[in-house]
Structures are given as C-alpha cells and as structure tokens.
file coords.txt (compact mmCIF, C-alpha atoms)
# COMPACT_ATOMS: atom_id res chain seq x y z
CA MET A 28 112.36 95.14 57.22
CA ARG A 29 112.72 98.90 56.85
CA PRO A 30 110.46 100.61 54.28
CA LYS A 31 112.24 102.03 51.21
CA CYS A 32 110.91 105.54 51.80
CA SER A 33 112.49 107.32 54.80
CA VAL A 34 109.33 109.44 55.28
CA CYS A 35 107.22 106.24 55.40
CA TYR A 36 109.64 104.80 57.95
CA LEU A 37 109.33 107.87 60.20
CA ILE A 38 105.53 107.80 59.95
CA ASN A 39 105.50 104.11 60.92
CA VAL A 40 107.82 104.74 63.89
CA ARG A 41 105.60 107.59 65.10
CA ALA A 42 102.45 105.48 64.74
CA ILE A 43 104.03 102.61 66.69
CA GLN A 44 105.08 104.97 69.48
CA HIS A 45 101.43 106.04 69.76
CA GLY A 46 100.00 102.49 69.65
CA PHE A 47 98.11 100.67 72.40
CA SER A 48 99.99 100.09 75.65
CA SER A 49 100.21 96.45 76.69
CA ASN A 50 100.84 97.76 80.24
CA ASP A 51 97.73 99.95 80.31
CA CYS A 52 94.86 97.71 79.33
CA SER A 53 92.45 95.20 80.81
CA ARG A 54 93.86 91.82 81.75
CA ASN A 55 91.26 90.34 79.37
CA VAL A 56 92.82 91.87 76.25
CA TYR A 57 96.18 91.53 74.62
CA ILE A 58 97.88 93.85 72.19
CA LYS A 59 98.91 92.14 68.98
CA LYS A 60 102.54 92.32 67.83
CA ASN A 61 101.75 95.12 65.38
CA GLY A 62 101.06 97.38 68.41
CA PHE A 63 97.91 98.82 66.81
CA THR A 64 95.35 96.08 67.41
CA LEU A 65 93.86 94.80 70.64
CA HIS A 66 92.22 91.38 70.88
CA ARG A 67 89.53 90.91 73.53
CA ASN A 68 89.47 87.43 74.97
CA PRO A 69 86.06 85.74 75.32
CA ILE A 70 85.47 86.48 79.02
CA ALA A 71 81.84 86.51 80.18
CA GLN A 72 80.38 89.52 82.01
CA SER A 73 83.38 91.80 81.54
CA THR A 74 83.96 95.07 79.74
CA ASP A 75 87.55 95.60 78.71
CA GLY A 76 89.52 98.57 77.44
CA ALA A 77 92.92 99.86 76.48
CA ARG A 78 94.71 103.20 76.34
CA THR A 79 97.55 104.26 74.07
CA LYS A 80 101.15 104.65 75.22
CA ILE A 81 101.16 108.42 74.71
CA GLY A 82 98.57 110.97 75.78
CA PHE A 83 98.12 114.62 74.90
CA SER A 84 97.79 117.81 76.96
CA GLU A 85 98.40 120.26 74.11
CA GLY A 86 98.16 120.49 70.34
CA ARG A 87 95.78 118.93 67.81
CA HIS A 88 95.84 115.20 67.13
CA ALA A 89 93.99 112.68 64.97
CA TRP A 90 93.79 108.89 64.92
CA GLU A 91 91.66 106.26 63.22
CA VAL A 92 89.80 103.44 64.94
CA TRP A 93 87.99 100.46 63.46
CA TRP A 94 86.47 97.22 64.70
CA GLU A 95 87.60 94.04 62.95
CA GLY A 96 84.90 91.90 64.50
CA PRO A 97 81.42 92.18 66.00
CA LEU A 98 80.63 95.16 68.23
CA GLY A 99 78.51 93.27 70.73
CA THR A 100 76.14 95.28 72.93
CA VAL A 101 78.65 98.06 73.72
CA ALA A 102 81.61 99.37 71.68
CA VAL A 103 83.03 102.74 72.73
CA ILE A 104 85.78 104.94 71.28
CA GLY A 105 87.10 108.14 72.82
CA ILE A 106 89.59 109.43 75.35
CA ALA A 107 90.52 108.82 78.97
CA THR A 108 92.86 110.08 81.66
CA LYS A 109 95.27 107.66 83.36
CA ARG A 110 92.81 107.42 86.26
CA ALA A 111 89.95 105.98 84.18
CA PRO A 112 89.45 102.21 84.69
CA MET A 113 90.15 99.83 81.81
CA GLN A 114 88.09 96.87 83.10
CA CYS A 115 84.80 96.39 84.93
CA GLN A 116 82.15 93.74 85.61
CA GLY A 117 79.22 93.33 83.23
CA TYR A 118 78.61 94.63 79.73
CA VAL A 119 78.62 98.40 80.12
CA ALA A 120 79.91 101.52 78.42
CA LEU A 121 83.21 101.61 80.33
CA LEU A 122 84.57 104.61 78.44
CA GLY A 123 82.40 107.48 79.64
CA SER A 124 81.34 105.71 82.83
CA ASP A 125 83.12 108.25 85.06
CA ASP A 126 84.43 111.82 85.04
CA GLN A 127 87.80 110.60 83.71
CA SER A 128 86.65 109.46 80.25
CA TRP A 129 84.57 110.58 77.25
CA GLY A 130 83.23 108.18 74.66
CA TRP A 131 80.96 107.51 71.70
CA ASN A 132 79.11 104.19 71.85
CA LEU A 133 79.03 103.01 68.24
CA VAL A 134 76.20 100.56 68.97
CA ASP A 135 73.52 103.07 70.01
CA ASN A 136 75.17 106.35 68.88
CA ASN A 137 75.18 107.77 72.42
CA LEU A 138 77.80 110.16 73.80
CA LEU A 139 78.93 109.21 77.30
CA HIS A 140 80.66 111.07 80.12
CA ASN A 141 80.48 110.91 83.92
CA GLY A 142 78.17 107.88 83.76
CA GLU A 143 75.54 109.77 81.79
CA VAL A 144 74.30 109.87 78.22
CA ASN A 145 75.10 113.32 76.82
CA GLY A 146 72.89 113.03 73.74
CA SER A 147 73.00 111.10 70.51
CA PHE A 148 75.73 111.44 67.93
CA PRO A 149 75.94 112.42 65.18
CA GLN A 150 73.14 114.91 65.65
CA CYS A 151 70.97 114.17 62.64
CA ASN A 152 67.77 112.29 61.94
CA ASN A 153 68.26 108.55 61.50
CA ALA A 154 72.03 108.65 62.02
CA PRO A 155 73.59 105.64 60.32
CA LYS A 156 74.93 102.87 62.54
CA TYR A 157 78.60 101.95 62.48
CA GLN A 158 79.53 99.15 60.07
CA ILE A 159 82.31 96.66 60.87
CA GLY A 160 85.60 97.77 59.32
CA GLU A 161 84.45 101.35 58.81
CA ARG A 162 87.16 103.78 59.87
CA ILE A 163 86.30 106.51 62.32
CA ARG A 164 88.71 109.41 62.63
CA VAL A 165 88.94 110.91 66.11
CA ILE A 166 90.16 114.51 66.41
CA LEU A 167 91.36 115.84 69.76
CA ASP A 168 91.97 119.59 69.91
CA MET A 169 93.60 120.47 73.22
CA GLU A 170 93.76 124.16 72.28
CA ASP A 171 89.96 124.40 71.86
CA LYS A 172 89.42 121.53 74.38
CA THR A 173 87.16 119.58 72.00
CA LEU A 174 86.76 116.02 70.75
CA ALA A 175 85.28 115.49 67.28
CA PHE A 176 84.69 112.56 64.93
CA GLU A 177 84.73 111.90 61.18
CA ARG A 178 83.42 108.92 59.21
CA GLY A 179 85.20 108.44 55.91
CA TYR A 180 85.66 112.01 54.70
CA GLU A 181 82.53 113.32 56.42
CA PHE A 182 82.98 115.54 59.48
CA LEU A 183 80.34 114.42 61.99
CA GLY A 184 80.81 117.33 64.36
CA VAL A 185 82.19 118.14 67.79
CA ALA A 186 81.04 115.58 70.32
CA PHE A 187 82.55 117.03 73.51
CA ARG A 188 83.52 120.56 74.52
CA GLY A 189 85.23 121.90 77.62
CA LEU A 190 87.70 119.04 78.04
CA PRO A 191 90.06 119.46 81.00
CA LYS A 192 93.61 120.72 80.56
CA THR A 193 95.16 117.40 81.54
CA CYS A 194 96.81 114.52 79.71
CA LEU A 195 94.18 112.65 77.66
CA TYR A 196 94.80 109.28 75.99
CA PRO A 197 93.06 107.73 72.99
CA ALA A 198 91.11 104.73 74.33
CA VAL A 199 88.52 102.10 73.46
CA SER A 200 86.33 99.66 75.38
CA ALA A 201 84.76 96.45 74.09
CA VAL A 202 82.59 93.56 75.31
CA TYR A 203 82.44 91.03 72.46
CA GLY A 204 84.70 87.97 72.81
CA ASN A 205 87.45 87.59 70.19
CA THR A 206 86.71 90.95 68.61
CA GLU A 207 89.66 93.06 67.54
CA VAL A 208 89.97 96.83 67.50
CA THR A 209 92.68 98.73 65.64
CA LEU A 210 93.84 102.26 66.46
CA VAL A 211 96.41 104.13 64.33
CA TYR A 212 97.74 107.58 65.21
CA LEU A 213 97.77 109.95 62.22
CA GLY A 214 99.32 113.11 63.68
CA LYS A 215 97.89 116.57 63.17
CA PRO A 216 94.44 116.68 61.50
CA LEU A 217 94.50 117.63 57.81
CA ASP A 218 91.78 120.25 57.98
CA GLY A 219 93.71 123.24 56.79
call {"tool": "encode", "arguments": {"input": "coords.txt", "output": "structure tokens"}}
result
Amino acid sequence: MRPKCSVCYLINVRAIQHGFSSNDCSRNVYIKKNGFTLHRNPIAQSTDGARTKIGFSEGRHAWEVWWEGPLGTVAVIGIATKRAPMQCQGYVALLGSDDQSWGWNLVDNNLLHNGEVNGSFPQCNNAPKYQIGERIRVILDMEDKTLAFERGYEFLGVAFRGLPKTCLYPAVSAVYGNTEVTLVYLGKPLDG
C-alpha cells in the first residue's frame, strides 16, 4: 500500500533502493522481505556479512544500523569495496580484515582495517558499549574521504581518514546465530 504522503513514498523508495543486496551477502544470511534487515542463520564457526545494493564514490551519505538480537563475540559495521569478502571461517572481524574494508567492532570498540586494530573508538575514557537496538548513524564523506559515527544525537568522531576514491558500500558482519541487523539509508547527513 502506498503511503498517503508523496514525500514519504519517495523516501521509502530511496531507502529500499539502498537496502541490503540479497545477491551480495554470505550464503549463511538472508535478507528479509523489507530489504533492510539481514538474518544470520545459526551456522557454527562462520562469520557472515552483507553489502548494500548501491555504493558511493562521491558525495556525503548517512545511514543507520542497529542489531535486533545478540552481538555475539564480533559485530562490525562499516564500509567495504566489492572485492571485500562477505563470509569466512571462524568468528572473526570480517569487516576490516583486509585492505578492502573498514569497520567498527561494537563488541570491543575497536576500529579495524587491513587486518589490524587501528585504535579504540570512540576515543574517550570508558567508552560505553553498544546496547541492543541502539541506532548508530554512519556518515561517509567521499569529498573529505572520511567515515564517522554517531550514537543517538551524539557525534562520536571521525573513525577513518584517507579513504580511497573508489566505490564504497555500507556493510556489516555478524557471528551470532539468528541475530538480525537492520540498515536504513538516510541520504545526506543533516549537519548543516
């Protein structure tokens, strides 16, 4: 059924176009009919991820991500090129495991890229841990080549600088069986 407001309808269409790709995810996840939520099947010793249908090589973009189930030992949000893997053996931080992806592990607050920990995030004493259902806003600025995060209405800072001038896709990776992760594209960040 079409929403009454034509602006709402256009926003919904845009968000759906930017949803998870059922053709670009691990075989151990499926994308729910809404197009925004992935469900990770309970497969032992596997880390599984998904990318969105549309990536970005220019402009400024924001999206929200939240877990609707347990995080497990590793739960990473961030960005990836098309060359980054979306499945691997074991319970690892898949996003950030190579030079094709950048991620924030919500379990231990580590930033990951090229298989290395690039510091803790956010950079403050006793940074709070992610709580199930809490929405994290991800902000990709391809003009400044940065990736930043917000929690609620609090800007947490720039996590990665010097991103490559290539097409980057919003992505997540998860390890916990039957957990669900939702990602909704918002458009341009509302920071003035």
call {"tool": "closest_atom_pairs", "arguments": {"input": "coords.txt", "of": "range 54-96 of chain A", "to": "range 108-111 of chain A", "cutoff": "10 Å", "atoms": "only C-alpha atoms", "output": "CSV"}}
result
residue,atom,partner,partner_atom,distance
A:Arg78,CA,A:Lys109,CA,8.3
A:Gly82,CA,A:Thr108,CA,8.2
A:Phe83,CA,A:Thr108,CA,9.7
call {"tool": "atom_distance", "arguments": {"input": "coords.txt", "atom1": "CA of Val165 in chain A", "atom2": "CA of Ala71 in chain A"}}
result
29.0 Å
call {"tool": "residues_around", "arguments": {"input": "coords.txt", "residues": "Pro149 in chain A", "least_positions_apart": "4", "cutoff": "7 Å", "atoms": "all atoms listed in the file", "output": "list in words"}}
result
Ala154, Leu183 and Gly184 of chain A
call {"tool": "residues_around", "arguments": {"input": "coords.txt", "residues": "Ala42 in chain A", "least_positions_apart": "5", "cutoff": "10 Å", "atoms": "all atoms listed in the file", "output": "VMD selection string"}}
result
chain A and resid 36 to 37 62 to 63 90 210 to 214
call {"tool": "write_last_selection", "arguments": {"input": "coords.txt", "atoms": "C-alpha atoms", "output": "PDB file, keeping the file's coordinate frame"}}
result
ATOM      1  CA  TYR A  36     109.640 104.800  57.950  1.00  0.00           C
ATOM      2  CA  LEU A  37     109.330 107.870  60.200  1.00  0.00           C
ATOM      3  CA  GLY A  62     101.060  97.380  68.410  1.00  0.00           C
ATOM      4  CA  PHE A  63      97.910  98.820  66.810  1.00  0.00           C
ATOM      5  CA  TRP A  90      93.790 108.890  64.920  1.00  0.00           C
ATOM      6  CA  LEU A 210      93.840 102.260  66.460  1.00  0.00           C
ATOM      7  CA  VAL A 211      96.410 104.130  64.330  1.00  0.00           C
ATOM      8  CA  TYR A 212      97.740 107.580  65.210  1.00  0.00           C
ATOM      9  CA  LEU A 213      97.770 109.950  62.220  1.00  0.00           C
ATOM     10  CA  GLY A 214      99.320 113.110  63.680  1.00  0.00           C
TER      11      GLY A 214
END
call {"tool": "residues_near_point", "arguments": {"input": "coords.txt", "point": "(88.5, 97.8, 84.1)", "cutoff": "9 Å", "atoms": "all atoms listed in the file", "output": "mmCIF file with C-alpha atoms, keeping the file's coordinate frame"}}
result
data_model
loop_
_atom_site.group_PDB
_atom_site.id
_atom_site.type_symbol
_atom_site.label_atom_id
_atom_site.label_comp_id
_atom_site.auth_asym_id
_atom_site.auth_seq_id
_atom_site.Cartn_x
_atom_site.Cartn_y
_atom_site.Cartn_z
ATOM 1 C CA CYS A 52 94.860 97.710 79.330
ATOM 2 C CA SER A 53 92.450 95.200 80.810
ATOM 3 C CA ARG A 54 93.860 91.820 81.750
ATOM 4 C CA SER A 73 83.380 91.800 81.540
ATOM 5 C CA THR A 74 83.960 95.070 79.740
ATOM 6 C CA ASP A 75 87.550 95.600 78.710
ATOM 7 C CA GLY A 76 89.520 98.570 77.440
ATOM 8 C CA ALA A 111 89.950 105.980 84.180
ATOM 9 C CA PRO A 112 89.450 102.210 84.690
ATOM 10 C CA MET A 113 90.150 99.830 81.810
ATOM 11 C CA GLN A 114 88.090 96.870 83.100
ATOM 12 C CA CYS A 115 84.800 96.390 84.930
ATOM 13 C CA GLN A 116 82.150 93.740 85.610
ATOM 14 C CA LEU A 121 83.210 101.610 80.330
#
